[in-house]
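Report on the structure given below.
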Amino acid sequence: MAAGRTGAISRRMAAAGLAAAAGLGAARAAPRRIVSLNPCLDALLVHLADRRQIAGINRLSRDPQGSTIAGIAATLPVAGETAEEVLRLRPDLVLASTHTALATRRALQRLGVEVAAFGPPSTVDESLTQVREVAARVGRPARGEALGARITAGLDGVTARGVRRPEMLLLLSGGLAAGPGSLPDDLLRRLGIANAATRLGLNGWTPAPVEALLAAPPEVLVRAGGGREAVRPDRVTRHPALDRLGGRVLTAEIPERLLFCGGPSLVEAATRLAAIRDQALERRA
């Protein structure tokens with residue numbers, strides 16, 4: 001009997017503890033000072049958090065060539081990725097990439113700062129999930145749902161309706177091709193575009209061999225330019241031999257900053273790629 005009463009009491013205490021934890025989670029106040037250490041997370045943060053919540057973002061977000069939020073970023077405090085720089089901003093929440101230095105993340109956690117780490121999304125669905133997760137972390141879940149709905153609607157507006165699939169290759173400065181496993185690859189699929197990187201055996205972000213491009217060129221070659229590497233000699237995307245492909249290949253350009261991250265930039269990237277897709281289909285006719 002005593003053992004039964006003890007078990008019942010233990011179960012009631014456990015249930016009460018779970019209820020209390022749930023109540024605390026629901027009543028948990030939104031963070032008051034948020035620091036983001038990753039430009040892609042910065043681009044979500046400025047859409048999801050209140051301005052007064054943002055204590056700092058990554059300094060790279062001020063680069064107009066590589067960032068989609070450079071104008072907004074110019075009005076916000078910035079920091080590097082060392083724990084010392086972050087702590088000067090007195091955050092109660094830090095948004096980090098899984099690529100952010102582990103030593104920095106652990107140092108912040110040891111000092112009692114909450115750190116939320118996010119991996120780079122490799123599909124549109126993963127990006128939409130990340131939008132909602134970041135929104136929940138900053139205490140603005142309704143904004144995450146609204147932003148996710150706007151992105152979805154924007155993508156739906158340029159989704160391919162026909163069955164014809166032009167073949168396209170996306171090349172970043174430095175000659176990296178967006179292959180299967182990358183976010184742009186999933187975007188191309190949604191737009192009804194065949195990724196030439198698949199045929200060339202390239203996965204993720206992989207250097208594209210010029211010889212293979214010349215031997216079997218794609219129908220469309222999209223050069224992504226204007227990024228931070230654009231100041232360096234680009235021996236692949238600007239290779240003279242590619243220019244000599246002439247009428248065999250439709251060439252176009254897209255700002256590289258649209259391909260770095262998911263989130264709101266997906267809509268502009270999709271709109272531009274869809275316009276190139278439609279141009280390729282008209283060229284076939």
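Chain labels run A, B, ... following the order of the structure tokens; each chain numbers its residues from 1, and ligands are numbered from 1 in the order shown.
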Please, which residues of region 18-262 of chain A, numbered as in this document, come out strand (DSSP E) from DSSP, as number ranges by chain?
A: 34-36, 54-58, 78-79, 93-97, 114-118, 167-172, 176-178, 194-195, 205-207, 220-225, 250-255
Could you pull the residues within 12 Å of region 136-144 of chain A, counting only C-alpha atoms, minus those fewer than 4 positions along the same chain, as a PyMOL selection string?
chain A and resi 25-36+41+44-54+92-95+114-118+127-132+148-151+263-264
May I have the residues within 9 Å of region 192-201 of chain A as a ChimeraX atom specification, using only C-alpha atoms and disregarding those fewer than 2 positions away in the same chain?
/A:159-170,177-180,185,187-190,203,206,208,212-213,216-220,274,277
Between A:Ala101, A:Leu108, A:Ala270, A:Ile69, which one has atoms that come closest to Val86 (chain A), using only C-alpha atoms?
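Among the listed residues, the smallest separation from Val86 (chain A) belongs to A:Leu108.
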Per DSSP on the backbone, filter region 52-166 of chain A down to the residues in alpha helix (DSSP H) and report them as a short mmCIF file (atom, residue, chain, number, x, y, z; two decimals) with all heavy atoms, in the first residue's frame.
data_model
loop_
_atom_site.label_atom_id
_atom_site.label_comp_id
_atom_site.auth_asym_id
_atom_site.auth_seq_id
_atom_site.Cartn_x
_atom_site.Cartn_y
_atom_site.Cartn_z
N ALA A 70 22.03 45.15 -46.42
CA ALA A 70 23.11 46.09 -46.12
C ALA A 70 22.59 47.43 -45.61
O ALA A 70 23.17 48.03 -44.70
CB ALA A 70 23.98 46.29 -47.35
N GLY A 71 21.49 47.91 -46.19
CA GLY A 71 20.94 49.20 -45.75
C GLY A 71 20.50 49.18 -44.31
O GLY A 71 20.81 50.10 -43.53
N ILE A 72 19.78 48.15 -43.92
CA ILE A 72 19.34 48.02 -42.53
C ILE A 72 20.53 47.78 -41.62
O ILE A 72 20.62 48.34 -40.52
CB ILE A 72 18.32 46.86 -42.40
CG1 ILE A 72 17.10 47.12 -43.27
CG2 ILE A 72 17.91 46.66 -40.94
CD1 ILE A 72 16.14 45.94 -43.33
N ALA A 73 21.46 46.94 -42.08
CA ALA A 73 22.62 46.59 -41.26
C ALA A 73 23.46 47.81 -40.91
O ALA A 73 24.08 47.87 -39.85
CB ALA A 73 23.48 45.55 -41.99
N ALA A 83 34.15 35.70 -28.46
CA ALA A 83 33.29 35.83 -27.28
C ALA A 83 33.41 37.21 -26.66
O ALA A 83 32.42 37.77 -26.17
CB ALA A 83 33.66 34.75 -26.26
N GLU A 84 34.62 37.78 -26.69
CA GLU A 84 34.82 39.11 -26.09
C GLU A 84 33.97 40.17 -26.79
O GLU A 84 33.33 41.00 -26.13
CB GLU A 84 36.30 39.50 -26.15
CG GLU A 84 37.22 38.67 -25.27
CD GLU A 84 37.53 37.30 -25.85
OE1 GLU A 84 37.21 37.06 -27.04
OE2 GLU A 84 38.10 36.46 -25.12
N GLU A 85 33.97 40.14 -28.12
CA GLU A 85 33.19 41.12 -28.87
C GLU A 85 31.70 40.95 -28.61
O GLU A 85 30.96 41.93 -28.50
CB GLU A 85 33.48 40.98 -30.36
CG GLU A 85 34.85 41.46 -30.79
CD GLU A 85 35.07 41.26 -32.28
OE1 GLU A 85 35.43 40.13 -32.67
OE2 GLU A 85 34.87 42.22 -33.05
N VAL A 86 31.27 39.72 -28.54
CA VAL A 86 29.85 39.46 -28.32
C VAL A 86 29.43 39.90 -26.93
O VAL A 86 28.38 40.54 -26.75
CB VAL A 86 29.54 37.96 -28.52
CG1 VAL A 86 28.09 37.65 -28.17
CG2 VAL A 86 29.84 37.54 -29.96
N LEU A 87 30.23 39.60 -25.93
CA LEU A 87 29.87 39.93 -24.55
C LEU A 87 29.76 41.43 -24.34
O LEU A 87 28.99 41.89 -23.49
CB LEU A 87 30.90 39.33 -23.59
CG LEU A 87 30.83 37.81 -23.44
CD1 LEU A 87 32.02 37.30 -22.64
CD2 LEU A 87 29.52 37.39 -22.79
N LEU A 102 33.35 26.83 -32.49
CA LEU A 102 32.82 26.11 -31.33
C LEU A 102 33.35 26.69 -30.03
O LEU A 102 32.63 26.75 -29.03
CB LEU A 102 33.20 24.62 -31.45
CG LEU A 102 32.65 23.69 -30.36
CD1 LEU A 102 31.13 23.74 -30.33
CD2 LEU A 102 33.13 22.27 -30.61
N ALA A 103 34.59 27.16 -30.04
CA ALA A 103 35.17 27.75 -28.84
C ALA A 103 34.38 28.98 -28.40
O ALA A 103 34.15 29.19 -27.20
CB ALA A 103 36.63 28.13 -29.08
N THR A 104 33.94 29.78 -29.37
CA THR A 104 33.14 30.96 -29.05
C THR A 104 31.80 30.56 -28.45
O THR A 104 31.36 31.10 -27.42
CB THR A 104 32.90 31.81 -30.31
OG1 THR A 104 34.15 32.29 -30.80
CG2 THR A 104 31.98 32.99 -30.02
N ARG A 105 31.15 29.60 -29.06
CA ARG A 105 29.84 29.17 -28.57
C ARG A 105 29.93 28.59 -27.16
O ARG A 105 29.11 28.90 -26.30
CB ARG A 105 29.23 28.15 -29.53
CG ARG A 105 28.74 28.75 -30.85
CD ARG A 105 28.04 27.72 -31.71
NE ARG A 105 28.97 26.93 -32.51
CZ ARG A 105 28.78 25.67 -32.87
NH1 ARG A 105 27.69 25.02 -32.44
NH2 ARG A 105 29.65 25.03 -33.62
N ARG A 106 30.95 27.78 -26.92
CA ARG A 106 31.09 27.18 -25.60
C ARG A 106 31.45 28.21 -24.55
O ARG A 106 30.96 28.14 -23.41
CB ARG A 106 32.16 26.09 -25.66
CG ARG A 106 31.67 24.81 -26.36
CD ARG A 106 32.77 23.77 -26.43
NE ARG A 106 32.26 22.49 -26.93
CZ ARG A 106 33.03 21.46 -27.24
NH1 ARG A 106 34.36 21.54 -27.10
NH2 ARG A 106 32.49 20.33 -27.67
N ALA A 107 32.28 29.19 -24.91
CA ALA A 107 32.65 30.23 -23.95
C ALA A 107 31.43 31.03 -23.54
O ALA A 107 31.25 31.35 -22.35
CB ALA A 107 33.71 31.14 -24.56
N LEU A 108 30.57 31.36 -24.49
CA LEU A 108 29.36 32.11 -24.18
C LEU A 108 28.43 31.30 -23.29
O LEU A 108 27.85 31.83 -22.32
CB LEU A 108 28.64 32.52 -25.47
CG LEU A 108 29.38 33.52 -26.36
CD1 LEU A 108 28.70 33.65 -27.72
CD2 LEU A 108 29.46 34.88 -25.67
N GLN A 109 28.29 30.02 -23.59
CA GLN A 109 27.41 29.17 -22.78
C GLN A 109 27.95 29.02 -21.36
O GLN A 109 27.17 29.02 -20.40
CB GLN A 109 27.26 27.81 -23.45
CG GLN A 109 26.42 27.86 -24.73
CD GLN A 109 26.46 26.56 -25.51
OE1 GLN A 109 27.46 25.85 -25.50
NE2 GLN A 109 25.37 26.24 -26.20
N ARG A 110 29.27 28.91 -21.21
CA ARG A 110 29.85 28.81 -19.87
C ARG A 110 29.57 30.06 -19.05
O ARG A 110 29.45 29.99 -17.81
CB ARG A 110 31.36 28.58 -19.96
CG ARG A 110 31.77 27.16 -20.31
CD ARG A 110 33.23 26.92 -19.99
NE ARG A 110 34.10 27.83 -20.71
CZ ARG A 110 34.63 27.57 -21.92
NH1 ARG A 110 34.36 26.42 -22.52
NH2 ARG A 110 35.43 28.43 -22.50
N VAL A 124 14.38 24.31 -49.68
CA VAL A 124 13.44 25.40 -49.37
C VAL A 124 12.65 25.06 -48.11
O VAL A 124 12.43 25.93 -47.26
CB VAL A 124 12.49 25.63 -50.57
CG1 VAL A 124 11.37 26.59 -50.18
CG2 VAL A 124 13.27 26.18 -51.76
N ASP A 125 12.22 23.82 -47.97
CA ASP A 125 11.45 23.43 -46.79
C ASP A 125 12.27 23.62 -45.51
O ASP A 125 11.75 24.07 -44.48
CB ASP A 125 10.98 21.98 -46.90
CG ASP A 125 9.84 21.81 -47.88
OD1 ASP A 125 9.19 22.82 -48.21
OD2 ASP A 125 9.60 20.67 -48.32
N GLU A 126 13.55 23.27 -45.56
CA GLU A 126 14.42 23.47 -44.40
C GLU A 126 14.54 24.96 -44.08
O GLU A 126 14.59 25.36 -42.91
CB GLU A 126 15.80 22.88 -44.65
CG GLU A 126 15.83 21.36 -44.61
CD GLU A 126 17.22 20.81 -44.87
OE1 GLU A 126 18.19 21.61 -44.94
OE2 GLU A 126 17.35 19.57 -45.01
N SER A 127 14.61 25.79 -45.11
CA SER A 127 14.69 27.23 -44.88
C SER A 127 13.42 27.75 -44.22
O SER A 127 13.47 28.57 -43.29
CB SER A 127 14.92 27.96 -46.21
OG SER A 127 14.96 29.36 -46.01
N LEU A 128 12.26 27.29 -44.67
CA LEU A 128 11.00 27.72 -44.07
C LEU A 128 10.90 27.27 -42.62
O LEU A 128 10.42 28.02 -41.75
CB LEU A 128 9.83 27.16 -44.87
CG LEU A 128 9.67 27.73 -46.29
CD1 LEU A 128 8.60 26.95 -47.07
CD2 LEU A 128 9.34 29.21 -46.26
N THR A 129 11.38 26.07 -42.33
CA THR A 129 11.42 25.59 -40.95
C THR A 129 12.32 26.48 -40.11
O THR A 129 11.99 26.84 -38.97
CB THR A 129 11.92 24.14 -40.90
OG1 THR A 129 10.97 23.30 -41.58
CG2 THR A 129 12.06 23.65 -39.47
N GLN A 130 13.47 26.85 -40.67
CA GLN A 130 14.39 27.71 -39.93
C GLN A 130 13.78 29.08 -39.65
O GLN A 130 13.99 29.64 -38.56
CB GLN A 130 15.69 27.87 -40.72
CG GLN A 130 16.80 28.55 -39.94
CD GLN A 130 18.11 28.53 -40.69
OE1 GLN A 130 18.42 29.44 -41.45
NE2 GLN A 130 18.88 27.47 -40.48
N VAL A 131 13.04 29.62 -40.59
CA VAL A 131 12.35 30.90 -40.37
C VAL A 131 11.48 30.80 -39.12
O VAL A 131 11.50 31.67 -38.24
CB VAL A 131 11.51 31.28 -41.60
CG1 VAL A 131 10.53 32.41 -41.25
CG2 VAL A 131 12.40 31.72 -42.75
N ARG A 132 10.72 29.73 -39.03
CA ARG A 132 9.81 29.57 -37.89
C ARG A 132 10.57 29.30 -36.60
O ARG A 132 10.16 29.77 -35.52
CB ARG A 132 8.81 28.45 -38.20
CG ARG A 132 7.89 28.80 -39.38
CD ARG A 132 6.89 27.69 -39.69
NE ARG A 132 5.94 28.12 -40.71
CZ ARG A 132 6.08 27.91 -42.01
NH1 ARG A 132 7.13 27.23 -42.45
NH2 ARG A 132 5.18 28.34 -42.88
N GLU A 133 11.67 28.57 -36.67
CA GLU A 133 12.45 28.29 -35.47
C GLU A 133 13.10 29.56 -34.93
O GLU A 133 13.13 29.79 -33.71
CB GLU A 133 13.52 27.25 -35.78
CG GLU A 133 12.95 25.85 -35.99
CD GLU A 133 14.02 24.84 -36.40
OE1 GLU A 133 15.13 25.27 -36.78
OE2 GLU A 133 13.75 23.63 -36.34
N VAL A 134 13.65 30.37 -35.81
CA VAL A 134 14.25 31.64 -35.36
C VAL A 134 13.19 32.55 -34.77
O VAL A 134 13.39 33.19 -33.74
CB VAL A 134 14.99 32.33 -36.53
CG1 VAL A 134 15.44 33.74 -36.12
CG2 VAL A 134 16.20 31.50 -36.95
N ALA A 135 12.02 32.60 -35.43
CA ALA A 135 10.93 33.43 -34.91
C ALA A 135 10.54 33.00 -33.51
O ALA A 135 10.29 33.84 -32.63
CB ALA A 135 9.73 33.36 -35.85
N ALA A 136 10.47 31.70 -33.28
CA ALA A 136 10.12 31.20 -31.95
C ALA A 136 11.19 31.58 -30.93
O ALA A 136 10.88 31.96 -29.80
CB ALA A 136 9.93 29.68 -31.99
N ARG A 137 12.45 31.48 -31.32
CA ARG A 137 13.56 31.80 -30.41
C ARG A 137 13.54 33.27 -29.99
O ARG A 137 13.90 33.60 -28.86
CB ARG A 137 14.90 31.48 -31.08
CG ARG A 137 15.26 30.01 -31.07
CD ARG A 137 15.72 29.60 -29.70
NE ARG A 137 16.28 28.26 -29.69
CZ ARG A 137 16.97 27.76 -28.68
NH1 ARG A 137 17.16 28.48 -27.59
NH2 ARG A 137 17.44 26.53 -28.73
N PRO A 141 6.69 34.15 -32.77
CA PRO A 141 6.28 33.02 -33.63
C PRO A 141 5.28 33.41 -34.72
O PRO A 141 5.32 32.86 -35.81
CB PRO A 141 5.69 32.01 -32.65
CG PRO A 141 5.33 32.81 -31.43
CD PRO A 141 6.35 33.91 -31.35
N ALA A 142 4.39 34.34 -34.43
CA ALA A 142 3.40 34.73 -35.44
C ALA A 142 4.08 35.37 -36.65
O ALA A 142 3.65 35.17 -37.80
CB ALA A 142 2.39 35.70 -34.83
N ARG A 143 5.14 36.10 -36.40
CA ARG A 143 5.87 36.70 -37.52
C ARG A 143 6.55 35.63 -38.36
O ARG A 143 6.67 35.77 -39.58
CB ARG A 143 6.91 37.70 -37.00
CG ARG A 143 6.30 38.94 -36.38
CD ARG A 143 7.37 39.89 -35.90
NE ARG A 143 6.78 40.95 -35.08
CZ ARG A 143 7.48 41.85 -34.42
NH1 ARG A 143 8.80 41.83 -34.47
NH2 ARG A 143 6.87 42.78 -33.69
N GLY A 144 7.00 34.57 -37.72
CA GLY A 144 7.60 33.48 -38.46
C GLY A 144 6.60 32.81 -39.38
O GLY A 144 6.91 32.50 -40.54
N GLU A 145 5.39 32.60 -38.88
CA GLU A 145 4.34 32.01 -39.72
C GLU A 145 4.00 32.93 -40.88
O GLU A 145 3.83 32.48 -42.02
CB GLU A 145 3.09 31.74 -38.88
CG GLU A 145 3.27 30.66 -37.82
CD GLU A 145 3.61 29.30 -38.42
OE1 GLU A 145 3.13 29.00 -39.54
OE2 GLU A 145 4.36 28.54 -37.77
N ALA A 146 3.91 34.23 -40.60
CA ALA A 146 3.56 35.18 -41.65
C ALA A 146 4.66 35.27 -42.71
O ALA A 146 4.37 35.29 -43.92
CB ALA A 146 3.30 36.56 -41.04
N LEU A 147 5.91 35.32 -42.27
CA LEU A 147 7.01 35.40 -43.23
C LEU A 147 7.10 34.12 -44.04
O LEU A 147 7.30 34.16 -45.27
CB LEU A 147 8.33 35.66 -42.50
CG LEU A 147 9.58 35.77 -43.38
CD1 LEU A 147 9.41 36.86 -44.43
CD2 LEU A 147 10.82 36.04 -42.53
N GLY A 148 6.93 32.98 -43.40
CA GLY A 148 6.94 31.71 -44.12
C GLY A 148 5.85 31.67 -45.18
O GLY A 148 6.07 31.18 -46.30
N ALA A 149 4.68 32.18 -44.84
CA ALA A 149 3.56 32.19 -45.80
C ALA A 149 3.87 33.11 -46.98
O ALA A 149 3.54 32.79 -48.13
CB ALA A 149 2.28 32.64 -45.09
N ARG A 150 4.51 34.26 -46.71
CA ARG A 150 4.85 35.18 -47.80
C ARG A 150 5.89 34.56 -48.73
O ARG A 150 5.80 34.72 -49.96
CB ARG A 150 5.38 36.50 -47.23
CG ARG A 150 4.32 37.36 -46.56
CD ARG A 150 4.75 38.81 -46.46
NE ARG A 150 5.98 39.00 -45.71
CZ ARG A 150 6.04 39.12 -44.38
NH1 ARG A 150 4.91 39.06 -43.67
NH2 ARG A 150 7.19 39.33 -43.78
N ILE A 151 6.87 33.89 -48.16
CA ILE A 151 7.89 33.24 -48.99
C ILE A 151 7.25 32.15 -49.85
O ILE A 151 7.51 32.06 -51.06
CB ILE A 151 9.01 32.65 -48.12
CG1 ILE A 151 9.78 33.77 -47.41
CG2 ILE A 151 9.96 31.80 -48.96
CD1 ILE A 151 10.73 33.27 -46.34
N THR A 152 6.40 31.34 -49.24
CA THR A 152 5.74 30.27 -49.97
C THR A 152 4.89 30.82 -51.11
O THR A 152 4.92 30.30 -52.23
CB THR A 152 4.86 29.43 -49.02
OG1 THR A 152 5.70 28.84 -48.01
CG2 THR A 152 4.13 28.33 -49.76
N ALA A 153 4.15 31.88 -50.83
CA ALA A 153 3.31 32.48 -51.87
C ALA A 153 4.16 33.05 -53.00
O ALA A 153 3.82 32.92 -54.18
CB ALA A 153 2.44 33.58 -51.26
N GLY A 154 5.28 33.67 -52.64
CA GLY A 154 6.17 34.23 -53.65
C GLY A 154 6.75 33.16 -54.55
O GLY A 154 6.86 33.33 -55.77
N LEU A 155 7.12 32.03 -53.97
CA LEU A 155 7.66 30.93 -54.76
C LEU A 155 6.59 30.29 -55.62
O LEU A 155 6.83 29.92 -56.77
CB LEU A 155 8.30 29.89 -53.84
CG LEU A 155 9.52 30.35 -53.03
CD1 LEU A 155 10.03 29.21 -52.16
CD2 LEU A 155 10.62 30.86 -53.93
N ASP A 156 5.40 30.14 -55.06
CA ASP A 156 4.30 29.55 -55.82
C ASP A 156 3.99 30.38 -57.07
O ASP A 156 3.57 29.85 -58.10
CB ASP A 156 3.05 29.43 -54.95
CG ASP A 156 3.14 28.31 -53.93
OD1 ASP A 156 4.06 27.48 -54.05
OD2 ASP A 156 2.32 28.29 -52.99
#
Would you list the contacts of Val222 (chain A) as a list in words, taking every protein, DNA or RNA residue within 7 Å and counting only C-alpha atoms, but skipping same-chain residues closer than 3 positions in sequence?
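The residues satisfying every condition are Leu169, Leu170, Leu171, Thr251, Ala252, Glu253 and Ile254 of chain A.
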Requested write-out: N, CA and C atoms of the selected residues, as a PDB file, in the first residue's frame:
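Final file, result.pdb:
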ATOM      1  N   LEU A 169      22.997  25.890 -65.401  1.00  0.00           N
ATOM      2  CA  LEU A 169      24.097  25.741 -64.455  1.00  0.00           C
ATOM      3  C   LEU A 169      24.326  27.075 -63.765  1.00  0.00           C
ATOM      4  N   LEU A 170      24.353  27.041 -62.433  1.00  0.00           N
ATOM      5  CA  LEU A 170      24.627  28.240 -61.638  1.00  0.00           C
ATOM      6  C   LEU A 170      26.082  28.223 -61.206  1.00  0.00           C
ATOM      7  N   LEU A 171      26.806  29.284 -61.563  1.00  0.00           N
ATOM      8  CA  LEU A 171      28.217  29.395 -61.203  1.00  0.00           C
ATOM      9  C   LEU A 171      28.445  30.633 -60.343  1.00  0.00           C
ATOM     10  N   THR A 251      23.414  32.926 -71.806  1.00  0.00           N
ATOM     11  CA  THR A 251      24.124  33.341 -70.597  1.00  0.00           C
ATOM     12  C   THR A 251      23.353  34.461 -69.909  1.00  0.00           C
ATOM     13  N   ALA A 252      23.381  34.439 -68.602  1.00  0.00           N
ATOM     14  CA  ALA A 252      22.683  35.451 -67.812  1.00  0.00           C
ATOM     15  C   ALA A 252      23.439  35.649 -66.499  1.00  0.00           C
ATOM     16  N   GLU A 253      23.035  36.659 -65.741  1.00  0.00           N
ATOM     17  CA  GLU A 253      23.691  36.937 -64.469  1.00  0.00           C
ATOM     18  C   GLU A 253      22.652  37.137 -63.375  1.00  0.00           C
ATOM     19  N   ILE A 254      23.073  36.861 -62.149  1.00  0.00           N
ATOM     20  CA  ILE A 254      22.231  37.057 -60.971  1.00  0.00           C
ATOM     21  C   ILE A 254      23.140  37.510 -59.836  1.00  0.00           C
TER      22      ILE A 254
END
Distance of CA of Ala55 (chain A) from CA of Pro77 (chain A), expressed in Å to one decimal place
6.6 Å
